[in-house]
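S.K.: Sharing a structure below in structure tokens format, with a few things to ask.
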Amino acid sequence: MAQPLVKKDDDRDDEADYSPFLGIEKGAVLQEARVFNDPQLDARRCSQVITKLLYLLNQGETFTKAEATGVFFAVTKLFQSRDIGLRRMVYLMIKEISPSADEVIIVTSSLMKDMNSRTDMYRANAIRVLCRITDGTLLTQIERYLKQAIVDKNPVVASAALVSGIHLLQTNPEIVKRWSNEVQEAVQSKAALVQFHALGLLHQIRQNDRLAVSKLVTSLTKGAVRSPLAQCLLIRYTSQVIRESGVNNQTGDRPFYDYLENCLRHKAEMVIFEAARAITELTNVTTRELTPAITVLQLFLSSSKPVLRFAAVRTLNKVAMTHPMAVTNCNIDMESLISDQNRSIATLAITTLLKTGNESSVDRLMKQITNFMSDIADEFKIVVVEAIRSLCLKFPLKFRSLMNFLSNILREEGGFEYKKAIVDSIVILIRDIPDAKEGGLLHLCEFIEDCEFTYLSTQILHFLGNEGPKTSDPSKYIRYIYNRVILENATVRASAVSTLAKFGAMVDSLKPRIFVLLRRCLFDNDDEVRDRATLYLNTLGDGSVAETDKEVKEFLFGPLDIPLTNMETSLKNYIQDPLEEPFDINSVPKEVKSQPLAEKKATGKKPTGLGAPPAAPTSAADAYEKLLSSIPEFAAFGKLFKSSAPVELTEAETEYAVNVVKHIFDSHVVFQYNCTNTIPEQLLENVTVIVDASEAEEFSEVGTKPLRSLPYDTPAQTFVAFEKPEGVPAAGKFSNVLRFTVKEVDTSTGEPEDDGVEDEYQLEDFEVVAADYILKVGVSNFKNAWESMVPETERVDEYGLGPRESLAEAVNAVINLLGMQPCEGTEVVQSNSRSHTCLLSGVYIGNVKVLVRLSFGIDGAKEVAMKLAVRSEDVIVSDAIHEIVASG
Amino acid sequence: MATFLSREACPTIKNILLLDSEGKRVAVKYYSDDWPTNTAKLAFEKSVFTKTQKTNARTEAEITMLENNIIVYKFVQDLHFFVTGGDDENELILATVLQGFFDAVTLLLRNNVEQREALENLDLILLCLDEIVDGGIVLETDGNVIAGKVATHSIDDGAPLSEQTISQALATAREHLTRSLLR
């Protein structure tokens, strides 16, 4: 051993960077590949050349099609040699080149010969190569050999066939599925890895058959599965079966849980961990079930192997999100991991501790983290900041030390994402913890004094403008804000001007001084800054200490309750077709969602009848309004309040497809029937809908607009208008019949016959419901909006919703019933949660804002109870919402 | 449900990398389509290398996360071994594969685990990669068995004696293998 080592050292002195592939060049190697054609093959030389080719490919070099074909054909000659080493390199080369279908044929026979060779290494490798390059047709030829190979007594051969089967199942499932008897036999193999591969393939063959998978698991969990890898697979399949079968309701026991628990005592760490992880991920896992898994994971935490520590802490971290109490036992081990060499482990440990920690440990924890923060990367820091934020929300009393920590790290170096995470956290803390406000705002002020990110500066300035005036001493923030006007770029200056104006508007005593500052901004060299200053100076009054008009405040700083996309569309329309009068913001529709028109695809394609929709409408509401105002009969109804989504009145694939859109006006409703004729041999004329409103007492028909002609596949509309009591959300049921004159059409010429026949077609009923009178209008900050409503308008009541499939289903049902806009993503119900709060906002007919706070709870028997709190600008509307729910 | 699908399948290896002390390729093998081009592969190798460079993975295998992947790695002399799997993969399975690869390479290079030796025996390293994982599925994890498969370079029955030279070149490897098996 010593001899060659010494020799090597000598070599290295001469040429330190020696590599056998130094100066290797593709062209030269391809030339060298000619030795493959020598009549007297030098196996060693050929191996070297193949190695060089593989080296080139491995380094990312590519061969042209011609080069690859050349190499491939040359390599096939090497099947003559009986040198095993060379043959192995040939196999590798063929796999790397991945020959095309017509080339594959050249090697098929050689490979098939190898598949039946007496040399096991040949058999195993030839199977893998052939299956890699083969296609379906060839596969049927070799299927017989593969089936044999699966049950071959040599484990390497069997594994090669099984693994190839797993790959082939993706492309040729029907063939591989025929092998299940052989695979089943291989599952019983004594060779560890054969069992593993067979189990993997068998499960994939049967994965869509729940019963078969369940049987497989039942039989194997009793028997002896030898290889740890196969054991891991079995654990995965077991948890799948558990997930699909659910808890046994009588005993509260979970099938197969005992098996998982037994695996926790397996001798292979891989299996122990797989089982522990499977247990922690069981749906609705109980503390009793969790405990043994947590115990083994805790042992792993103090392992000497980083991989084991990482795996354990990562799993515990996930558990801490749902069951923080279960993980607290590990806290001591977890704390020692904060100083772990591996930073990923340390970060996971810290965030876990932050989730499980209790109030008394916060201070100690923060001290440890402070030392740790300086030497980890930004991505880890963000994780820590987010964890600290949630900790602070959990223990509001500890805000002082946590806020200090955040402001300290805010001053240190860091990239944008990191700084943004910190700023966001401070903002959230200020919003949710009143005591933290003043200190937090000052931290932010100090930060913008030296902030390189324009986006963050403007965000903070905006936030300061909202929160600063409400503090005990607003004047102390002015200095920071005005400094921005002097020192920053135009974008930041502009938002600083807006912030100043907000202070001026909200704090009357500061107004004269703010005016002085704003006047200085009139000389700014940026247009936007000057414009803003001018606007504020002209609207905020005369600069004396006087209260700012409420309407002015609302205009300047109130939230824009119009969706920006609608605003954009309206402005574009206005520019295209400028009118004498100025643009009116009230004309912008407030509906949040814009459904594409059902008939959109047909516009402009064919000659259309009367009342055809205008070309390329940009949003549904917009288009409807144009459409309706273009019909003189309906023009007098006033402003369109809301248009519903289309309601289908026919089954799909019927002769005539009809849907209805309900347009709600203040004292009218208009039903727009979108009709499509799907029969090429027919032309419909004088199409009307006869509406029976006997079950809608408050409505009386005032007019119809028939459709003169409805040719094949050209959607068109007919309308029926009703009068209803003004401002009242009248409800009712309408039944409809389509009446028309049908004419036969000669499909070859497209000419209709002269004579037509009157006919009728029954349509389905539809209803006008309370939700049709509520617009989906979101609010950006529900809490603020809720608090700005008069508390006296609040109406609270509780309802039992009876048994429901799930909490999410109940929440959705109520949202749909009310037809209001869910706010702040509260329409999403976390799976497994037993209670949920949903926030809704909308505008009721008569332009009355309504906010709804729904609290849901579900019990073991799936009975859902709901508490409904409504605030609105009008008490009557609050009551009306309750009526909707009570009757729904 | 989609999130569970991958978990129910076999453990999957996304790639195995063997880089030198400057992060350059010695031998790499990708089994997943996550990195479709050579540029993407090189970029991944670079970020893996930079991220792990300063850590001490010489005694025990280390572990890190990158772009939703878990990477286990081990360094010996001027060689860096990496095995990558998805972020829901069992970390210990990845570590077992890494250990198998590392043991096999150690045996095949007769304990001279360093870049130059690896390049001089690149054919063995490539065969070794081929025997560990096939298309992402673990074939074998025992380093001795893997090295054994790679080193069975005897001539098949009835081959002329003149072709046996290459097997002699590998005799030492086999000898070493048996020694380590007996140990």
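Here, A, B, ... name the chains of the structure tokens in the order displayed, residue numbers run from 1 inside each chain, and ligands are numbered from 1 in the same displayed order.
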Which residues are close to Gly465 (chain A), i.e. within 12 Å by only C-alpha atoms, leaving aside same-chain residues fewer than 6 positions away? Reply as an MDAnalysis selection string.

M.R.: chainID A and resid 441 445 458:459 471 474:475 477:478 480:481 495:507 557

S.K.: Go ahead and write the selection's residues with C-alpha atoms as an mmCIF file, in the first residue's frame.

M.R.:
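Dumped to selection00.cif:
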```
data_model
loop_
_atom_site.group_PDB
_atom_site.id
_atom_site.type_symbol
_atom_site.label_atom_id
_atom_site.label_comp_id
_atom_site.auth_asym_id
_atom_site.auth_seq_id
_atom_site.Cartn_x
_atom_site.Cartn_y
_atom_site.Cartn_z
ATOM 1 C CA LEU A 441 -44.193 53.464 14.775
ATOM 2 C CA CYS A 445 -39.641 56.058 11.525
ATOM 3 C CA THR A 458 -43.617 54.251 0.699
ATOM 4 C CA GLN A 459 -45.408 51.429 2.483
ATOM 5 C CA THR A 471 -51.445 58.495 18.599
ATOM 6 C CA PRO A 474 -48.706 62.982 16.429
ATOM 7 C CA SER A 475 -46.328 65.904 16.071
ATOM 8 C CA TYR A 477 -43.582 61.914 13.584
ATOM 9 C CA ILE A 478 -43.664 65.024 11.400
ATOM 10 C CA TYR A 480 -39.264 62.034 10.155
ATOM 11 C CA ILE A 481 -41.797 62.437 7.405
ATOM 12 C CA SER A 495 -45.946 59.532 -0.552
ATOM 13 C CA ALA A 496 -44.398 61.651 2.194
ATOM 14 C CA VAL A 497 -46.523 64.585 0.966
ATOM 15 C CA SER A 498 -49.659 62.429 1.189
ATOM 16 C CA THR A 499 -48.698 61.357 4.666
ATOM 17 C CA LEU A 500 -48.190 64.962 5.772
ATOM 18 C CA ALA A 501 -51.588 65.858 4.374
ATOM 19 C CA LYS A 502 -53.189 63.035 6.351
ATOM 20 C CA PHE A 503 -51.744 64.453 9.557
ATOM 21 C CA GLY A 504 -53.052 67.848 8.523
ATOM 22 C CA ALA A 505 -56.521 66.518 7.870
ATOM 23 C CA MET A 506 -56.794 64.435 11.016
ATOM 24 C CA VAL A 507 -55.031 66.612 13.595
ATOM 25 C CA PHE A 557 -58.182 59.307 2.254
#
```

S.K.: Write out as a PyMOL selection string all residues of region 591-781 of chain A that DSSP puts in helix (DSSP H, G or I) for this structure's backbone.

M.R.: chain A and resi 600-602+620-629+632-635+770-773

S.K.: Per residue of chain A within 7 Å of chain B, which atom pair is closest and at what distance in Å (one decimal), using only C-alpha atoms, listed by chain and increasing number, as a Markdown table?

M.R.:
```
| residue | atom | partner | partner_atom | distance |
| --- | --- | --- | --- | --- |
| A:Ser19 | CA | B:Arg116 | CA | 6.2 |
| A:Pro20 | CA | B:Glu120 | CA | 6.0 |
| A:Ala43 | CA | B:Glu163 | CA | 6.9 |
| A:Arg44 | CA | B:Ile166 | CA | 6.0 |
| A:Thr51 | CA | B:Asp123 | CA | 5.6 |
| A:Asn58 | CA | B:Ala27 | CA | 6.4 |
| A:Gln59 | CA | B:Arg25 | CA | 6.7 |
| A:Gly60 | CA | B:Asn38 | CA | 5.9 |
| A:Arg82 | CA | B:Ala159 | CA | 6.2 |
| A:Asp83 | CA | B:Ile155 | CA | 5.1 |
| A:Ile84 | CA | B:His153 | CA | 5.5 |
| A:Gly85 | CA | B:His153 | CA | 5.0 |
| A:Gly200 | CA | B:Cys10 | CA | 6.0 |
| A:Leu233 | CA | B:Cys10 | CA | 6.7 |
| A:Arg236 | CA | B:Glu8 | CA | 5.7 |
| A:Tyr237 | CA | B:Glu8 | CA | 6.3 |
| A:Met270 | CA | B:Leu92 | CA | 5.2 |
| A:Glu274 | CA | B:Asn90 | CA | 6.7 |
| A:Lys305 | CA | B:Glu60 | CA | 6.2 |
| A:Pro306 | CA | B:Glu62 | CA | 5.6 |
| A:Val307 | CA | B:Ile63 | CA | 5.6 |
| A:Leu308 | CA | B:Leu92 | CA | 6.9 |
| A:Ala311 | CA | B:Glu91 | CA | 6.0 |
| A:Ser344 | CA | B:Thr64 | CA | 6.3 |
```

S.K.: Next, write the just-selected residues to a file, as a compact mmCIF listing (two decimals), in the first residue's frame, keeping N, CA and C atoms as the atom set.

M.R.:
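Output file again-v3.txt follows:
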```txt
# COMPACT_ATOMS: atom_id res chain seq x y z
N SER A 19 -5.00 15.61 -15.02
CA SER A 19 -6.24 14.87 -15.15
C SER A 19 -6.10 14.00 -16.38
N PRO A 20 -6.57 12.77 -16.32
CA PRO A 20 -6.45 11.91 -17.51
C PRO A 20 -7.23 12.49 -18.70
N ALA A 43 -9.99 -4.90 -26.17
CA ALA A 43 -11.06 -4.59 -25.24
C ALA A 43 -10.70 -3.43 -24.33
N ARG A 44 -9.47 -3.41 -23.89
CA ARG A 44 -9.06 -2.39 -22.95
C ARG A 44 -9.09 -1.01 -23.59
N THR A 51 -15.13 5.29 -22.16
CA THR A 51 -15.06 6.13 -20.97
C THR A 51 -14.90 7.59 -21.35
N ASN A 58 -20.99 13.42 -19.92
CA ASN A 58 -21.22 13.77 -18.53
C ASN A 58 -20.88 15.23 -18.24
N GLN A 59 -19.93 15.76 -18.98
CA GLN A 59 -19.56 17.16 -18.77
C GLN A 59 -20.53 18.10 -19.46
N GLY A 60 -21.54 17.55 -20.14
CA GLY A 60 -22.54 18.40 -20.76
C GLY A 60 -22.33 18.58 -22.25
N ARG A 82 -16.06 -10.68 -25.81
CA ARG A 82 -16.68 -11.39 -24.70
C ARG A 82 -16.14 -10.88 -23.38
N ASP A 83 -15.53 -9.71 -23.41
CA ASP A 83 -15.00 -9.11 -22.18
C ASP A 83 -16.15 -8.46 -21.40
N ILE A 84 -16.34 -8.91 -20.17
CA ILE A 84 -17.49 -8.42 -19.40
C ILE A 84 -17.39 -6.92 -19.15
N GLY A 85 -16.20 -6.47 -18.79
CA GLY A 85 -16.02 -5.04 -18.49
C GLY A 85 -16.41 -4.19 -19.68
N GLY A 200 -43.02 -2.42 -4.60
CA GLY A 200 -43.25 -1.15 -5.27
C GLY A 200 -44.05 -1.33 -6.55
N LEU A 233 -41.82 1.28 2.39
CA LEU A 233 -42.90 1.30 1.41
C LEU A 233 -44.20 0.85 2.05
N ARG A 236 -45.81 3.43 4.02
CA ARG A 236 -46.50 4.43 3.19
C ARG A 236 -47.86 3.91 2.71
N TYR A 237 -47.86 2.66 2.27
CA TYR A 237 -49.13 2.11 1.78
C TYR A 237 -50.13 1.98 2.92
N MET A 270 -34.19 4.07 9.47
CA MET A 270 -35.01 4.48 8.33
C MET A 270 -36.47 4.12 8.55
N GLU A 274 -39.69 6.55 9.29
CA GLU A 274 -40.82 6.52 8.37
C GLU A 274 -42.13 6.30 9.15
N LYS A 305 -25.65 11.88 14.32
CA LYS A 305 -25.75 12.05 12.87
C LYS A 305 -26.62 13.26 12.52
N PRO A 306 -26.07 14.20 11.78
CA PRO A 306 -26.84 15.38 11.41
C PRO A 306 -28.11 15.03 10.65
N VAL A 307 -28.04 14.02 9.76
CA VAL A 307 -29.21 13.68 8.96
C VAL A 307 -30.37 13.27 9.87
N LEU A 308 -30.07 12.51 10.88
CA LEU A 308 -31.09 12.05 11.80
C LEU A 308 -31.68 13.22 12.59
N ALA A 311 -33.90 15.23 10.20
CA ALA A 311 -35.17 14.57 9.92
C ALA A 311 -36.12 14.71 11.10
N SER A 344 -29.40 24.63 9.06
CA SER A 344 -30.79 24.23 8.78
C SER A 344 -31.43 23.63 10.02
```

S.K.: Find, counting only C-alpha atoms, the residue in A:Asp692, A:Glu335, A:Glu758, A:Asp152 that gets nearest to Glu185 (chain A).

M.R.: A:Asp152

S.K.: Could you tell me which of A:Cys131, A:Leu211, A:Leu193, A:Met567 comes closest to Ala230 (chain A) if we count only C-alpha atoms?

M.R.: A:Leu193

S.K.: Within 12 Å of Glu379 (chain A), counting only C-alpha atoms, which residues qualify if same-chain residues fewer than 6 places away don't, as a list in words?

M.R.: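 In the requested form, the answer reads Arg343, Ser344, Thr347, Met373, Val385, Glu386, Gly414, Gly415, Phe416, Glu417, Tyr418, Lys419 and Ala421 of chain A; Met65, Leu66 and Glu67 of chain B.
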
S.K.: Hey, can you spit out that residue selection with N, CA, C and O atoms as a short mmCIF file (atom, residue, chain, number, x, y, z; two decimals), in the first residue's frame?

M.R.:
```cif
data_model
loop_
_atom_site.label_atom_id
_atom_site.label_comp_id
_atom_site.auth_asym_id
_atom_site.auth_seq_id
_atom_site.Cartn_x
_atom_site.Cartn_y
_atom_site.Cartn_z
N ARG A 343 -26.84 24.76 10.09
CA ARG A 343 -27.74 25.90 10.27
C ARG A 343 -29.19 25.57 9.98
O ARG A 343 -30.10 26.17 10.54
N SER A 344 -29.40 24.63 9.06
CA SER A 344 -30.79 24.23 8.78
C SER A 344 -31.43 23.63 10.02
O SER A 344 -32.57 23.93 10.36
N THR A 347 -32.11 26.43 12.60
CA THR A 347 -33.27 27.25 12.27
C THR A 347 -34.57 26.50 12.56
O THR A 347 -35.51 27.06 13.13
N MET A 373 -28.70 34.98 15.08
CA MET A 373 -29.15 35.64 13.85
C MET A 373 -27.99 36.12 12.98
O MET A 373 -28.11 36.15 11.76
N VAL A 385 -38.13 35.38 11.60
CA VAL A 385 -38.94 36.58 11.81
C VAL A 385 -40.42 36.22 11.81
O VAL A 385 -41.19 36.67 12.66
N GLU A 386 -40.81 35.36 10.87
CA GLU A 386 -42.23 34.99 10.80
C GLU A 386 -42.65 34.22 12.06
O GLU A 386 -43.76 34.42 12.56
N GLY A 414 -29.21 43.49 5.48
CA GLY A 414 -30.13 42.45 5.03
C GLY A 414 -30.72 42.80 3.69
O GLY A 414 -30.75 43.98 3.30
N GLY A 415 -31.18 41.81 2.96
CA GLY A 415 -31.75 42.03 1.64
C GLY A 415 -33.21 42.47 1.74
O GLY A 415 -33.77 42.55 2.84
N PHE A 416 -33.82 42.74 0.60
CA PHE A 416 -35.17 43.28 0.56
C PHE A 416 -36.19 42.35 1.20
O PHE A 416 -36.98 42.77 2.04
N GLU A 417 -36.17 41.07 0.80
CA GLU A 417 -37.18 40.13 1.29
C GLU A 417 -37.14 40.06 2.82
O GLU A 417 -38.18 40.01 3.48
N TYR A 418 -35.94 40.05 3.34
CA TYR A 418 -35.77 39.96 4.79
C TYR A 418 -36.31 41.20 5.47
O TYR A 418 -37.11 41.13 6.42
N LYS A 419 -35.93 42.39 4.95
CA LYS A 419 -36.40 43.64 5.54
C LYS A 419 -37.92 43.73 5.44
O LYS A 419 -38.60 44.19 6.36
N ALA A 421 -40.02 41.29 5.40
CA ALA A 421 -40.62 40.40 6.39
C ALA A 421 -40.65 41.07 7.76
O ALA A 421 -41.65 40.99 8.49
N MET B 65 -31.32 21.88 2.77
CA MET B 65 -32.46 21.99 1.84
C MET B 65 -32.16 23.09 0.83
O MET B 65 -31.57 24.10 1.16
N LEU B 66 -32.60 22.85 -0.40
CA LEU B 66 -32.39 23.84 -1.45
C LEU B 66 -33.50 23.69 -2.48
O LEU B 66 -33.73 22.58 -2.97
N GLU B 67 -34.18 24.78 -2.78
CA GLU B 67 -35.24 24.77 -3.81
C GLU B 67 -36.19 23.58 -3.63
O GLU B 67 -36.45 22.82 -4.57
#
```

S.K.: Which is closest to Asp549 (chain A) among A:Asp508, A:Thr826, A:Asn784, A:Arg804, if we use only C-alpha atoms?

M.R.: A:Asp508

S.K.: What is the distance between CA of Glu744 (chain A) and CA of Gly756 (chain A), in Å to one decimal?

M.R.: 7.4 Å

S.K.: Between A:Lys437, A:Lys381, A:Arg144, A:Arg123, which residue has the minimum interatomic distance to Glu412 (chain A), considering only C-alpha atoms?

M.R.: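 That would be A:Lys381, the residue with the smallest distance to Glu412 (chain A).
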
S.K.: Do you know which residues are at most 8 Å from region 864-876 of chain A counting only C-alpha atoms, after dropping those on the same chain fewer than 3 positions away, and could you put them as a VMD selection string?

M.R.: chain A and resid 786 789 to 791 793 to 804 807 810 848 to 859 879 to 882

S.K.: From the DSSP assignment of the backbone, select every residue of region 1-178 of chain B that is strand (DSSP E or B), and format the answer as a short mmCIF file (atom, residue, chain, number, x, y, z; two decimals) with N, CA and C atoms, in the first residue's frame.

M.R.:
```
data_model
loop_
_atom_site.label_atom_id
_atom_site.label_comp_id
_atom_site.auth_asym_id
_atom_site.auth_seq_id
_atom_site.Cartn_x
_atom_site.Cartn_y
_atom_site.Cartn_z
N THR B 12 -37.76 8.18 -4.28
CA THR B 12 -37.18 8.58 -5.56
C THR B 12 -35.95 9.44 -5.34
N ILE B 13 -34.92 9.13 -6.10
CA ILE B 13 -33.70 9.93 -6.06
C ILE B 13 -33.72 10.86 -7.27
N LYS B 14 -33.45 12.14 -7.04
CA LYS B 14 -33.50 13.08 -8.16
C LYS B 14 -32.16 13.18 -8.87
N ASN B 15 -31.09 13.14 -8.14
CA ASN B 15 -29.79 13.10 -8.79
C ASN B 15 -28.71 12.66 -7.81
N ILE B 16 -27.60 12.23 -8.39
CA ILE B 16 -26.41 11.92 -7.59
C ILE B 16 -25.27 12.72 -8.21
N LEU B 17 -24.56 13.46 -7.40
CA LEU B 17 -23.48 14.30 -7.92
C LEU B 17 -22.17 13.93 -7.25
N LEU B 18 -21.12 13.93 -8.05
CA LEU B 18 -19.78 13.82 -7.51
C LEU B 18 -18.98 14.99 -8.08
N LEU B 19 -18.69 15.95 -7.22
CA LEU B 19 -18.01 17.16 -7.67
C LEU B 19 -16.62 17.23 -7.06
N ASP B 20 -15.76 18.06 -7.66
CA ASP B 20 -14.42 18.21 -7.09
C ASP B 20 -14.38 19.40 -6.14
N ARG B 25 -17.67 19.14 -12.17
CA ARG B 25 -18.17 17.77 -12.26
C ARG B 25 -17.04 16.77 -12.34
N VAL B 26 -17.15 15.73 -11.56
CA VAL B 26 -16.35 14.54 -11.82
C VAL B 26 -17.28 13.56 -12.54
N ALA B 27 -18.39 13.27 -11.91
CA ALA B 27 -19.43 12.47 -12.56
C ALA B 27 -20.76 12.87 -11.94
N VAL B 28 -21.79 13.03 -12.77
CA VAL B 28 -23.10 13.36 -12.24
C VAL B 28 -24.13 12.51 -12.97
N LYS B 29 -25.24 12.28 -12.30
CA LYS B 29 -26.31 11.54 -12.94
C LYS B 29 -27.63 12.12 -12.46
N TYR B 30 -28.45 12.56 -13.42
CA TYR B 30 -29.76 13.12 -13.09
C TYR B 30 -30.84 12.12 -13.46
N GLU B 62 -23.78 15.20 6.00
CA GLU B 62 -24.54 16.39 6.39
C GLU B 62 -25.78 16.49 5.52
N ILE B 63 -26.63 17.47 5.82
CA ILE B 63 -27.90 17.57 5.11
C ILE B 63 -28.30 19.03 4.99
N THR B 64 -28.94 19.38 3.90
CA THR B 64 -29.44 20.75 3.74
C THR B 64 -30.64 20.73 2.82
N MET B 65 -31.32 21.88 2.77
CA MET B 65 -32.46 21.99 1.84
C MET B 65 -32.16 23.09 0.83
N LEU B 66 -32.60 22.85 -0.40
CA LEU B 66 -32.39 23.84 -1.45
C LEU B 66 -33.50 23.69 -2.48
N ASN B 69 -35.73 20.82 -2.32
CA ASN B 69 -35.09 19.52 -2.39
C ASN B 69 -34.29 19.30 -1.12
N ILE B 70 -34.16 18.04 -0.78
CA ILE B 70 -33.28 17.71 0.34
C ILE B 70 -32.00 17.14 -0.24
N ILE B 71 -30.89 17.63 0.24
CA ILE B 71 -29.61 17.16 -0.26
C ILE B 71 -28.80 16.63 0.90
N VAL B 72 -28.37 15.37 0.81
CA VAL B 72 -27.44 14.84 1.80
C VAL B 72 -26.08 14.78 1.14
N TYR B 73 -25.05 15.04 1.91
CA TYR B 73 -23.74 15.12 1.28
C TYR B 73 -22.62 14.74 2.23
N LYS B 74 -21.50 14.42 1.61
CA LYS B 74 -20.34 13.99 2.38
C LYS B 74 -19.09 14.36 1.59
N PHE B 75 -18.07 14.84 2.27
CA PHE B 75 -16.83 15.24 1.60
C PHE B 75 -15.69 14.33 2.04
N VAL B 76 -14.85 13.96 1.08
CA VAL B 76 -13.61 13.26 1.42
C VAL B 76 -12.51 13.85 0.56
N LEU B 79 -13.05 15.41 -2.94
CA LEU B 79 -14.27 14.94 -3.60
C LEU B 79 -15.50 15.26 -2.75
N HIS B 80 -16.56 15.73 -3.42
CA HIS B 80 -17.81 16.06 -2.73
C HIS B 80 -18.92 15.17 -3.27
N PHE B 81 -19.52 14.38 -2.42
CA PHE B 81 -20.60 13.47 -2.81
C PHE B 81 -21.95 14.08 -2.42
N PHE B 82 -22.91 14.08 -3.36
CA PHE B 82 -24.25 14.60 -3.05
C PHE B 82 -25.32 13.64 -3.53
N VAL B 83 -26.40 13.52 -2.76
CA VAL B 83 -27.58 12.81 -3.23
C VAL B 83 -28.78 13.71 -2.97
N THR B 84 -29.60 13.93 -4.00
CA THR B 84 -30.73 14.85 -3.89
C THR B 84 -32.05 14.08 -3.99
N GLY B 85 -33.00 14.48 -3.15
CA GLY B 85 -34.35 13.93 -3.23
C GLY B 85 -35.37 15.02 -3.00
N GLY B 86 -36.64 14.72 -3.24
CA GLY B 86 -37.69 15.72 -3.04
C GLY B 86 -37.87 16.05 -1.57
N VAL B 133 -28.75 3.42 -8.65
CA VAL B 133 -30.10 3.92 -8.90
C VAL B 133 -30.40 3.71 -10.37
N ASP B 134 -31.61 3.25 -10.67
CA ASP B 134 -32.04 3.12 -12.06
C ASP B 134 -33.26 4.00 -12.26
N ILE B 137 -35.10 5.07 -9.15
CA ILE B 137 -35.46 4.06 -8.15
C ILE B 137 -34.21 3.38 -7.61
N VAL B 138 -34.19 3.26 -6.30
CA VAL B 138 -33.00 2.70 -5.65
C VAL B 138 -32.85 1.23 -6.05
N ILE B 155 -13.75 -12.60 -17.50
CA ILE B 155 -14.15 -12.94 -18.85
C ILE B 155 -15.20 -14.03 -18.77
#
```

S.K.: Any idea what's packed within 12 Å of Met403 (chain A), counting only C-alpha atoms, ignoring anything in its chain fewer than 4 positions away? Could you give it as a ChimeraX atom specification?

M.R.: /A:363,366,385,388-389,391-393,396-399,407-410,422-423,425-430,433,435-444

S.K.: Which residues come within 8 Å of Thr315 (chain A), counting only C-alpha atoms, excluding same-chain residues fewer than 4 positions away, as a list of chain:residue names?

M.R.: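 In the requested format, the answer is A:Arg277, A:Thr280, A:Ala311, A:Val319.
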
S.K.: Let me see the file: selected residues, C-alpha atoms, as a PDB file, in the first residue's frame.

M.R.:
```pdb
ATOM      1  CA  ARG A 277     -43.536  10.475  10.374  1.00  0.00           C
ATOM      2  CA  THR A 280     -47.619  12.416  12.931  1.00  0.00           C
ATOM      3  CA  ALA A 311     -35.171  14.568   9.918  1.00  0.00           C
ATOM      4  CA  VAL A 319     -46.179  18.653  14.349  1.00  0.00           C
TER       5      VAL A 319
END
```
